[in-house]
Structure formats: structure tokens, C-alpha cells
>>> print(open('run34.txt').read())   # compact mmCIF, C-alpha atoms
# COMPACT_ATOMS: atom_id res chain seq x y z
CA MET A 1 91.43 108.94 80.69
CA ASP A 2 91.48 111.70 78.03
CA LEU A 3 88.61 112.43 75.65
CA ILE A 4 90.17 110.56 72.73
CA SER A 5 90.66 107.44 74.84
CA LYS A 6 87.07 107.63 76.09
CA LEU A 7 85.75 107.90 72.54
CA PHE A 8 87.91 104.99 71.45
CA VAL A 9 86.62 102.81 74.27
CA ALA A 10 83.03 103.79 73.49
CA LEU A 11 83.46 102.88 69.82
CA LEU A 12 85.21 99.64 70.67
CA LEU A 13 82.46 98.62 73.05
CA GLY A 14 79.82 99.40 70.42
CA TRP A 15 81.59 97.34 67.75
CA SER A 16 82.27 94.33 69.92
CA GLY A 17 79.04 93.96 71.85
CA CYS A 18 80.43 95.43 75.07
CA THR A 19 83.39 93.04 75.17
CA GLY A 20 86.20 95.43 74.28
CA LEU A 21 89.04 96.55 76.50
CA ALA A 22 91.45 99.29 75.41
CA LEU A 23 92.93 101.15 78.34
CA GLU A 24 96.24 102.43 79.60
CA LEU A 25 96.32 101.91 83.35
CA THR A 26 98.74 103.58 85.74
CA PRO A 27 99.40 102.39 89.31
CA SER A 28 97.26 103.84 92.07
CA ASP A 29 98.73 105.60 95.10
CA VAL A 30 98.27 103.64 98.32
CA PRO A 31 96.00 105.55 100.74
CA ALA A 32 97.75 106.68 103.88
CA ASP A 33 95.06 106.20 106.50
CA ASP A 34 91.55 105.14 107.47
CA VAL A 35 88.48 105.94 105.44
CA GLY A 36 86.33 108.54 107.16
CA SER A 37 83.37 107.11 109.04
CA PRO A 38 80.52 106.41 109.15
CA LEU A 39 80.55 104.72 105.75
CA ASP A 40 77.83 104.74 103.13
CA ILE A 41 77.38 103.13 99.71
CA VAL A 42 78.72 105.33 96.90
CA TRP A 43 77.90 103.06 93.96
CA THR A 44 77.08 99.45 93.07
CA TYR A 45 78.22 97.72 89.88
CA ASN A 46 76.74 94.50 88.48
CA ALA A 47 79.60 92.26 87.27
CA ARG A 48 77.16 89.49 86.22
CA ALA A 49 78.98 86.68 88.09
CA GLY A 50 80.80 85.76 91.29
CA PHE A 51 84.41 86.31 92.33
CA GLY A 52 87.46 84.56 93.73
CA PRO A 53 88.97 85.21 97.18
CA ASP A 54 91.32 88.05 96.20
CA ALA A 55 90.67 91.78 96.32
CA VAL A 56 90.22 93.83 93.16
CA LEU A 57 93.17 95.52 91.45
CA LEU A 58 93.26 99.30 91.77
CA PHE A 59 94.74 101.77 89.32
CA ASP A 60 94.65 105.53 88.97
CA GLY A 61 90.92 106.13 88.64
CA HIS A 62 89.99 102.54 87.79
CA VAL A 63 88.97 99.27 89.46
CA LEU A 64 89.79 95.97 87.74
CA VAL A 65 87.84 92.87 88.76
CA SER A 66 87.68 89.35 87.31
CA THR A 67 84.74 86.94 87.53
CA ARG A 68 84.02 83.22 87.47
CA GLN A 69 82.13 83.80 84.22
CA GLY A 70 85.51 84.45 82.57
CA GLU A 71 85.27 88.23 82.28
CA VAL A 72 87.55 91.04 83.38
CA HIS A 73 85.77 94.34 84.06
CA VAL A 74 87.37 97.76 84.33
CA ILE A 75 85.22 100.19 86.32
CA ASP A 76 85.53 103.96 86.71
CA ALA A 77 86.35 104.35 90.40
CA GLN A 78 84.62 107.71 90.67
CA THR A 79 81.30 106.92 89.02
CA GLY A 80 81.01 103.13 89.12
CA LYS A 81 80.43 103.06 85.34
CA ARG A 82 81.93 100.44 83.07
CA ALA A 83 85.09 101.52 81.26
CA GLY A 84 85.64 98.20 79.50
CA VAL A 85 85.14 94.45 79.73
CA LYS A 86 86.91 91.51 78.12
CA ARG A 87 85.80 87.89 77.92
CA PHE A 88 88.50 85.26 78.37
CA GLY A 89 86.29 82.25 77.73
CA GLU A 90 86.98 80.33 80.96
CA ALA A 91 86.33 80.95 84.65
CA VAL A 92 88.75 83.28 86.44
CA ASN A 93 89.04 82.46 90.15
CA GLY A 94 92.42 84.02 90.96
CA ARG A 95 93.48 87.64 90.72
CA PRO A 96 95.23 88.66 87.46
CA VAL A 97 98.30 90.88 87.30
CA VAL A 98 99.11 93.87 85.10
CA LEU A 99 102.66 94.20 83.76
CA ASN A 100 103.25 97.38 81.73
CA ASN A 101 99.66 97.37 80.45
CA ILE A 102 99.80 93.63 79.74
CA LEU A 103 96.98 91.90 81.60
CA VAL A 104 97.90 88.30 82.51
CA VAL A 105 94.88 86.23 83.57
CA PRO A 106 94.81 82.78 85.28
CA LEU A 107 92.18 80.42 83.88
CA ALA A 108 90.55 77.97 86.29
CA TRP A 109 89.03 75.64 83.73
CA GLY A 110 89.74 74.29 80.26
CA ARG A 111 92.88 73.49 78.27
CA ARG A 112 94.46 76.92 78.63
CA ALA A 113 96.01 78.00 81.92
CA LEU A 114 97.10 81.57 81.18
CA ALA A 115 96.19 84.33 78.76
CA ALA A 116 97.99 87.64 78.23
CA PHE A 117 96.12 90.62 76.79
CA ASP A 118 97.62 93.96 75.73
CA MET A 119 95.16 96.51 77.10
CA LYS A 120 96.71 99.42 75.25
CA GLN A 121 96.44 97.76 71.82
CA SER A 122 93.37 95.65 72.68
CA LYS A 123 94.75 92.31 71.48
CA PHE A 124 95.87 88.96 72.89
CA LEU A 125 99.65 88.53 73.05
CA TRP A 126 100.02 84.89 74.10
CA ARG A 127 98.29 81.93 75.73
CA VAL A 128 99.68 78.96 77.65
CA ARG A 129 98.15 75.48 77.74
CA GLY A 130 98.35 73.43 80.91
CA ALA A 131 96.60 72.45 84.11
CA PRO A 132 94.04 74.97 85.40
CA ILE A 133 95.15 77.73 87.77
CA GLN A 134 92.70 78.46 90.57
CA THR A 135 94.88 80.81 92.61
CA GLY A 136 95.91 84.40 91.99
CA LEU A 137 99.10 85.29 90.14
CA VAL A 138 102.28 86.84 91.53
CA ALA A 139 104.04 89.65 89.66
CA ILE A 140 107.83 89.75 89.90
CA GLY A 141 109.48 92.47 87.85
CA GLU A 142 108.19 91.96 84.31
CA ASP A 143 107.43 88.26 84.93
CA VAL A 144 104.55 86.35 86.46
CA ILE A 145 104.59 83.32 88.80
CA THR A 146 101.78 80.75 88.95
CA ILE A 147 100.89 77.48 90.63
CA ASN A 148 98.47 75.10 88.90
CA LEU A 149 96.30 72.20 90.06
CA ASP A 150 99.08 69.72 89.24
CA GLY A 151 101.30 71.41 91.85
CA GLN A 152 103.63 72.98 89.28
CA VAL A 153 105.08 76.35 90.26
CA GLN A 154 106.06 78.24 87.11
CA ARG A 155 107.62 81.57 86.22
CA TYR A 156 106.79 83.09 82.83
CA ARG A 157 107.98 86.12 80.89
CA GLY A 158 105.16 88.61 80.87
CA SER A 159 105.92 89.91 77.39
CA SER A 160 106.18 86.55 75.59
CA GLY A 161 104.83 83.73 77.78
CA GLN A 162 108.23 82.01 77.75
CA LEU A 163 108.73 79.58 80.64
CA VAL A 164 111.66 80.77 82.80
CA TRP A 165 111.67 77.98 85.40
CA GLU A 166 109.43 75.30 86.88
CA SER A 167 109.33 73.60 90.26
CA THR A 168 106.91 71.08 91.77
CA ILE A 169 105.51 70.79 95.29
CA PRO A 170 105.29 67.28 96.88
CA VAL A 171 103.30 64.74 94.89
CA ASP A 172 99.53 64.29 95.46
CA ARG A 173 99.21 67.83 96.78
CA THR A 174 97.88 71.00 95.28
CA ALA A 175 97.67 74.66 96.21
CA HIS A 176 94.39 76.47 96.81
CA ALA A 177 96.18 79.50 98.29
CA ARG A 178 97.92 82.17 96.24
CA PRO A 179 101.74 82.02 96.48
CA VAL A 180 103.35 84.79 98.52
CA LEU A 181 106.43 86.68 97.31
CA HIS A 182 108.76 88.35 99.81
CA GLU A 183 112.04 89.73 98.55
CA ASP A 184 113.85 86.71 97.03
CA LEU A 185 111.53 84.06 98.52
CA LEU A 186 108.42 82.54 96.96
CA LEU A 187 106.28 80.82 99.60
CA VAL A 188 103.75 78.15 98.65
CA ALA A 189 101.32 76.47 101.08
CA ASP A 190 99.47 73.30 100.03
CA ASP A 191 96.46 71.21 101.04
CA GLY A 192 98.70 68.58 102.63
CA GLY A 193 99.86 71.06 105.25
CA GLY A 194 103.21 71.69 103.62
CA VAL A 195 104.86 75.07 103.19
CA THR A 196 107.60 75.34 100.57
CA ALA A 197 110.02 78.25 100.17
CA LEU A 198 111.62 78.64 96.75
CA ASP A 199 114.26 81.00 95.42
CA SER A 200 112.21 83.28 93.17
CA ASP A 201 115.06 83.76 90.67
CA GLY A 202 115.64 80.11 89.83
CA GLY A 203 112.93 78.10 91.57
CA MET A 204 115.41 76.21 93.78
CA LEU A 205 114.25 74.82 97.12
CA VAL A 206 115.23 76.93 100.16
CA TRP A 207 113.28 75.14 102.90
CA GLN A 208 110.16 73.07 103.57
CA ALA A 209 107.93 72.88 106.64
CA GLN A 210 105.17 70.42 107.53
CA LEU A 211 102.22 71.70 109.58
CA PHE A 212 100.01 68.55 109.42
CA ALA A 213 96.90 70.65 108.75
CA PRO A 214 95.55 71.53 105.28
CA VAL A 215 96.07 75.09 104.07
CA TYR A 216 93.41 76.52 101.77
CA ALA A 217 93.69 80.25 102.58
CA THR A 218 96.56 82.51 101.55
CA PRO A 219 99.23 83.18 104.23
CA VAL A 220 100.65 86.64 104.89
CA VAL A 221 104.16 87.94 105.61
CA ASP A 222 105.02 90.62 108.14
CA ASN A 223 108.19 91.51 110.05
CA GLY A 224 110.14 88.35 109.23
CA ARG A 225 107.25 85.97 109.91
CA LEU A 226 104.92 83.97 107.71
CA PHE A 227 101.44 83.57 109.22
CA VAL A 228 99.72 80.44 107.90
CA PRO A 229 96.00 79.70 108.46
CA THR A 230 94.72 76.12 108.39
CA THR A 231 91.43 74.25 108.20
CA ARG A 232 92.00 72.60 111.61
CA GLY A 233 91.54 75.61 113.89
CA ARG A 234 95.22 76.51 113.94
CA LEU A 235 97.22 79.58 112.94
CA TYR A 236 100.99 79.17 112.65
CA ALA A 237 103.79 81.72 112.66
CA LEU A 238 106.89 80.53 110.80
CA ASP A 239 110.34 82.05 110.67
CA LEU A 240 110.64 83.42 107.16
CA ARG A 241 114.25 82.38 106.59
CA SER A 242 114.27 78.91 108.17
CA GLY A 243 110.64 77.71 108.14
CA SER A 244 110.75 76.84 111.84
CA VAL A 245 107.53 77.25 113.83
CA LEU A 246 107.74 80.31 116.10
CA TRP A 247 104.32 79.81 117.67
CA GLU A 248 101.00 78.05 117.13
CA ALA A 249 97.58 79.42 118.11
CA ALA A 250 95.16 76.49 118.47
CA LEU A 251 91.40 76.76 118.87
CA ARG A 252 89.53 74.15 120.90
CA ASP A 253 87.29 73.36 117.94
CA THR A 254 89.52 71.70 115.35
CA THR A 255 86.77 71.85 112.68
CA VAL A 256 87.08 75.65 112.45
CA ARG A 257 88.66 77.03 109.29
CA ILE A 258 90.87 80.08 109.73
CA ALA A 259 90.37 82.64 106.96
CA PRO A 260 93.23 84.49 105.23
CA PRO A 261 94.94 86.66 107.87
CA ALA A 262 96.10 90.26 107.71
CA ALA A 263 99.17 91.33 109.68
CA GLU A 264 100.76 94.64 110.49
CA ALA A 265 103.20 95.69 113.21
CA SER A 266 102.20 93.96 116.45
CA GLN A 267 98.99 92.25 115.31
CA VAL A 268 97.81 89.43 113.11
CA ILE A 269 94.03 89.40 112.59
CA ALA A 270 91.86 86.75 110.92
CA GLY A 271 88.24 85.69 110.74
CA ALA A 272 87.06 82.10 110.94
CA SER A 273 84.21 79.81 110.00
CA ASP A 274 82.85 80.04 113.58
CA GLY A 275 81.96 83.71 112.99
CA ARG A 276 84.72 85.16 115.19
CA LEU A 277 87.32 87.73 114.25
CA ARG A 278 90.44 87.28 116.37
CA ALA A 279 93.53 89.41 116.95
CA TRP A 280 96.74 87.76 118.11
CA ASN A 281 100.00 89.27 119.27
CA ALA A 282 102.25 88.79 116.25
CA THR A 283 105.33 88.09 118.38
CA THR A 284 103.93 85.70 120.99
CA GLY A 285 100.72 84.32 119.47
CA LEU A 286 98.69 85.32 122.55
CA LEU A 287 95.06 86.22 121.86
CA MET A 288 94.46 89.97 122.28
CA TRP A 289 90.72 90.14 121.62
CA SER A 290 87.92 88.52 119.61
CA ILE A 291 84.62 89.67 118.10
CA GLU A 292 81.65 87.35 117.69
CA THR A 293 79.35 87.70 114.65
CA PRO A 294 76.37 85.53 113.62
CA ASP A 295 77.86 84.36 110.31
CA ALA A 296 81.04 82.72 109.04
CA LEU A 297 83.99 84.97 108.17
CA VAL A 298 85.91 83.65 105.15
CA ALA A 299 87.42 86.80 103.61
CA LYS A 300 90.71 88.47 104.46
CA PRO A 301 90.18 91.55 106.67
CA LEU A 302 91.56 94.98 105.74
CA LEU A 303 93.78 96.75 108.26
CA THR A 304 94.47 100.46 108.44
CA SER A 305 96.33 102.37 111.14
CA ARG A 306 93.42 102.36 113.61
CA LEU A 307 90.66 100.22 112.13
CA VAL A 308 89.88 96.76 110.80
CA TYR A 309 87.25 96.27 108.09
CA PHE A 310 85.83 92.76 107.61
CA GLY A 311 82.87 91.15 105.90
CA SER A 312 80.69 88.13 106.62
CA MET A 313 78.84 85.41 104.77
CA GLY A 314 75.70 87.10 106.09
CA GLY A 315 76.36 90.09 103.83
CA VAL A 316 77.44 92.50 106.56
CA LEU A 317 80.50 94.75 106.44
CA TYR A 318 81.88 95.49 109.90
CA VAL A 319 84.20 98.27 111.09
CA ALA A 320 86.03 97.83 114.41
CA ARG A 321 88.93 99.37 116.31
CA ARG A 322 92.19 97.47 116.02
CA GLU A 323 93.18 98.41 119.55
CA ASP A 324 90.45 96.49 121.37
CA GLY A 325 87.97 95.12 118.80
CA HIS A 326 85.28 97.64 119.71
CA MET A 327 82.64 97.64 116.98
CA ILE A 328 82.09 101.00 115.27
CA GLN A 329 79.72 100.28 112.38
CA GLU A 330 77.76 97.52 110.64
CA ILE A 331 76.55 97.90 107.03
CA GLU A 332 74.21 95.42 105.32
CA LEU A 333 75.14 94.75 101.70
CA ARG A 334 73.52 92.78 98.87
CA GLY A 335 75.23 89.43 99.25
CA ARG A 336 77.88 87.30 100.92
CA ILE A 337 81.36 88.75 101.35
CA LYS A 338 83.89 86.07 100.38
CA SER A 339 86.65 88.21 98.86
CA ALA A 340 89.27 90.48 100.37
CA ILE A 341 88.45 94.18 100.70
CA ALA A 342 90.49 96.82 98.85
CA LEU A 343 91.35 100.31 100.12
CA GLU A 344 90.83 102.95 97.43
CA SER A 345 91.84 106.62 97.64
CA GLN A 346 88.29 107.70 98.49
CA GLY A 347 86.79 104.60 100.02
CA LEU A 348 86.59 100.80 100.11
CA ILE A 349 85.87 98.38 97.26
CA VAL A 350 83.91 95.33 98.44
CA LEU A 351 82.87 92.31 96.36
CA THR A 352 79.57 90.64 97.28
CA GLU A 353 78.20 87.37 95.95
CA PRO A 354 76.67 86.64 93.61
CA ARG A 355 77.64 89.56 91.35
CA TYR A 356 78.12 93.02 92.87
CA VAL A 357 81.10 95.37 93.19
CA VAL A 358 80.38 97.99 95.86
CA LYS A 359 82.22 101.19 96.69
CA LEU A 360 81.77 102.63 100.17
CA GLY A 361 82.94 106.06 101.27
CA PRO A 362 82.40 108.59 104.06
CA LYS A 363 78.74 109.32 104.56
CA LYS A 364 77.80 112.79 103.42
CA PRO A 365 76.12 115.01 106.02
CA GLU A 366 72.39 115.48 105.69
CA SER A 367 71.42 118.72 103.97
CA ALA A 368 69.96 121.22 106.35
CA THR A 369 66.22 121.76 105.90
CA LEU A 370 64.57 125.13 106.33
>>> encode(input="run34.txt", output="C-alpha cells")
Amino acid sequence: MDLISKLFVALLLGWSGCTGLALELTPSDVPADDVGSPLDIVWTYNARAGFGPDAVLLFDGHVLVSTRQGEVHVIDAQTGKRAGVKRFGEAVNGRPVVLNNILVVPLAWGRRALAAFDMKQSKFLWRVRGAPIQTGLVAIGEDVITINLDGQVQRYRGSSGQLVWESTIPVDRTAHARPVLHEDLLLVADDGGGVTALDSDGGMLVWQAQLFAPVYATPVVDNGRLFVPTTRGRLYALDLRSGSVLWEAALRDTTVRIAPPAAEASQVIAGASDGRLRAWNATTGLLMWSIETPDALVAKPLLTSRLVYFGSMGGVLYVARREDGHMIQEIELRGRIKSAIALESQGLIVLTEPRYVVKLGPKKPESATL
């Protein structure tokens, strides 16, 4: 941000009681590899409230995080200082999207379901009334796709809030998991165990699958497969184009909840409410290894080329090798880790309940003493 922009933000914050937001955000480059280890805390930011299950949004030099108090904070990624904050009036549980500096925010309570805010001009553009939206949003071109608590899947124009199309999942069901977009398919999993694939252009039904186990955590797509976690100790791999079940990994304890999985190349890795992190072969579903921890694992793990980073409800961030699950480091943080971890250019961004945003980076060597 240039000097003029910084001064403008400072003035805006002063005039509005620290509720202003006037920024021009540019996309962040995706880091190529692991963060150097061992890790150490770089900074901690107090966001004043808790978070939903999704990771923060990252931009060039900034971190954007929403809270259940109805605020969106923009944080300087280098210093951990506040660059702006905007109140939206209702709880935000799902991750917003940014479309050409238009911030579109899902609202999890109240009469309004969506709000769009122009961050460059610092003004609201449009709002949409409707059933609350508790999941994160999906960006598609210059549009946004949502699913609300009434089971309505909707695509809106990002610039105007105009409804493009609407589809509905089976009656008496709702979605607690964020929809997944892959090429021309929009994939929606519901709490009745159904998975629905829609054409993202027009909302037409492509296929439906029934897993007979509730889905509350967001699935993931990799290499032509959709990996779906359930609350009954089962992880499913579905064929992306037909919805047929390729394999099913079933735990003995059917009360275990599988957390949102991460998948890449030959592995799919997920934590669970029994405190175990498991790695399965993505092609066959055979268990490759598991790690036992003392606390429930409910957040999506972060995979890099060699490592897996995952957090626990006991407030511990773990680093392990993807190859065999060998533990490399454990870091105690100030609260439960319930949200996905984000990989930033110089470290990790971790959300901890009840209110902290934490950046971790390579630990600096101790200064030599004479």
C-alpha cells in the first residue's frame, strides 16, 4: 500500500471509530513449497471474536479474516497490524470472496443473506434478503455462488447482486459444508448424506449420489475424485463425473466425525473427532498411516510437498512428514484450532478460538553471545 493509501485508511479509521475499510487488494502468489522449520510465532492479532471453519483469504501483503461478531478484518501480513475493519451487523461464519475489489460476505443470521462492499470506494454496493448462509461462498468468474439454510443454491452477479439462477437440494435437508467448484461442476453435500452435482453455468442437475451418512464438513476434489467426509466414521471417494462410489474407508467406531480432508497426488489426509490424523491412498482407499493426538481434530489440514500441518482442539499445531506421518514439531497456541490453515509467502496463518489470528514462520537462530 502506498503512502497516500495508508494516510487515507488512517483518516478513515479515525473518523469511523475503527470501522472503516478502504483498500485495493491484489491476489497473492501461491507459495511453492514448505515453510522452513522449526516454526515460531511471528505475530498475534486479536480479532475480538471467533471464526468459521474456512481459512483466511490472502492477498499481496494482507490477510483478510471474518468473524462471528460480524466483522471483516484486513491485517498487514508483515507486521500483524490492522489495516482496516468493517462491521456487517450479523455473524459471518463462512468465508467471503473478493471479486475485483468487491467484498461479498455471507451473513449467518438475520434477514439479510449477502452483502457486497466496494473496498476501493469504501461503500456498500448491494444487499440480498433471504435465508441465512452459514457456509463459505464460491467465486466463479465475476459471480458468486451460495447455499442457504433453506437448501437453495444460488448464483449472483458480483457487481449488482442480480440472481442468475437458483436450484434446490432435496427437501428437508440443508448444507453445512461449503460447495465445491471444479471446472463446470458445482458439488453440494448435505446433512442427509446426499451429494448433488450441478452445472455451474445454469444450475441444472448433472447427478446425485446418496451416502446414507450426514455430511457436515467440506469435501475436496483431486485427480477426478471427490472425497467426502461424514459424521459416521466414513470417508467416501466418488467419481467426479458420474457420482459413483469408487471406495469407502470405514472406521470401526461409527460415532467418529471425519474432519474436512485435504488431498494431493496420491494421498488424502483428514483428522477426526477421535484425535487421529489419517492418510489414505487416494486411488485405493487403503490406510497408509495414522497419528494419534490427545484432542479432537476438526480443522482441515494443510498439505505441502513434504509436510502436513494440522491443529487440534487442544490448541496445538502439529507438523508431520507426509511420507510416513513422523512428527516433526508441536507448537502450543492460545486456543482451539477449528479453522483451516493458510499458507502465506513467509509462513502460516492459523486461527485460534476464541479470537486470535496467528502467523508462524521459520524460527530465527539465536544470536551468538560473547
>>> residues_near_point(input="run34.txt", point="(105.8, 87.8, 83.4)", cutoff="12 Å", atoms="only C-alpha atoms", output="PyMOL selection string")
chain A and resi 96-105+114-116+126+137-146+154-165
>>> closest_residue(input="run34.txt", among="A:Asp118, A:Glu353, A:Asp222, A:Glu90", to="A:Arg48", atoms="only C-alpha atoms")
A:Glu353
>>> atom_distance(input="run34.txt", atom1="atom CA of A:Phe59", atom2="atom CA of A:Lys81")
14.9 Å
>>> closest_residue(input="run34.txt", among="A:Leu333, A:Thr168, A:Lys359, A:Thr284", to="A:Asp76", atoms="all atoms listed in the file")
A:Lys359
>>> atom_distance(input="run34.txt", atom1="atom CA of A:Leu240", atom2="atom CA of A:Phe227")
9.4 Å
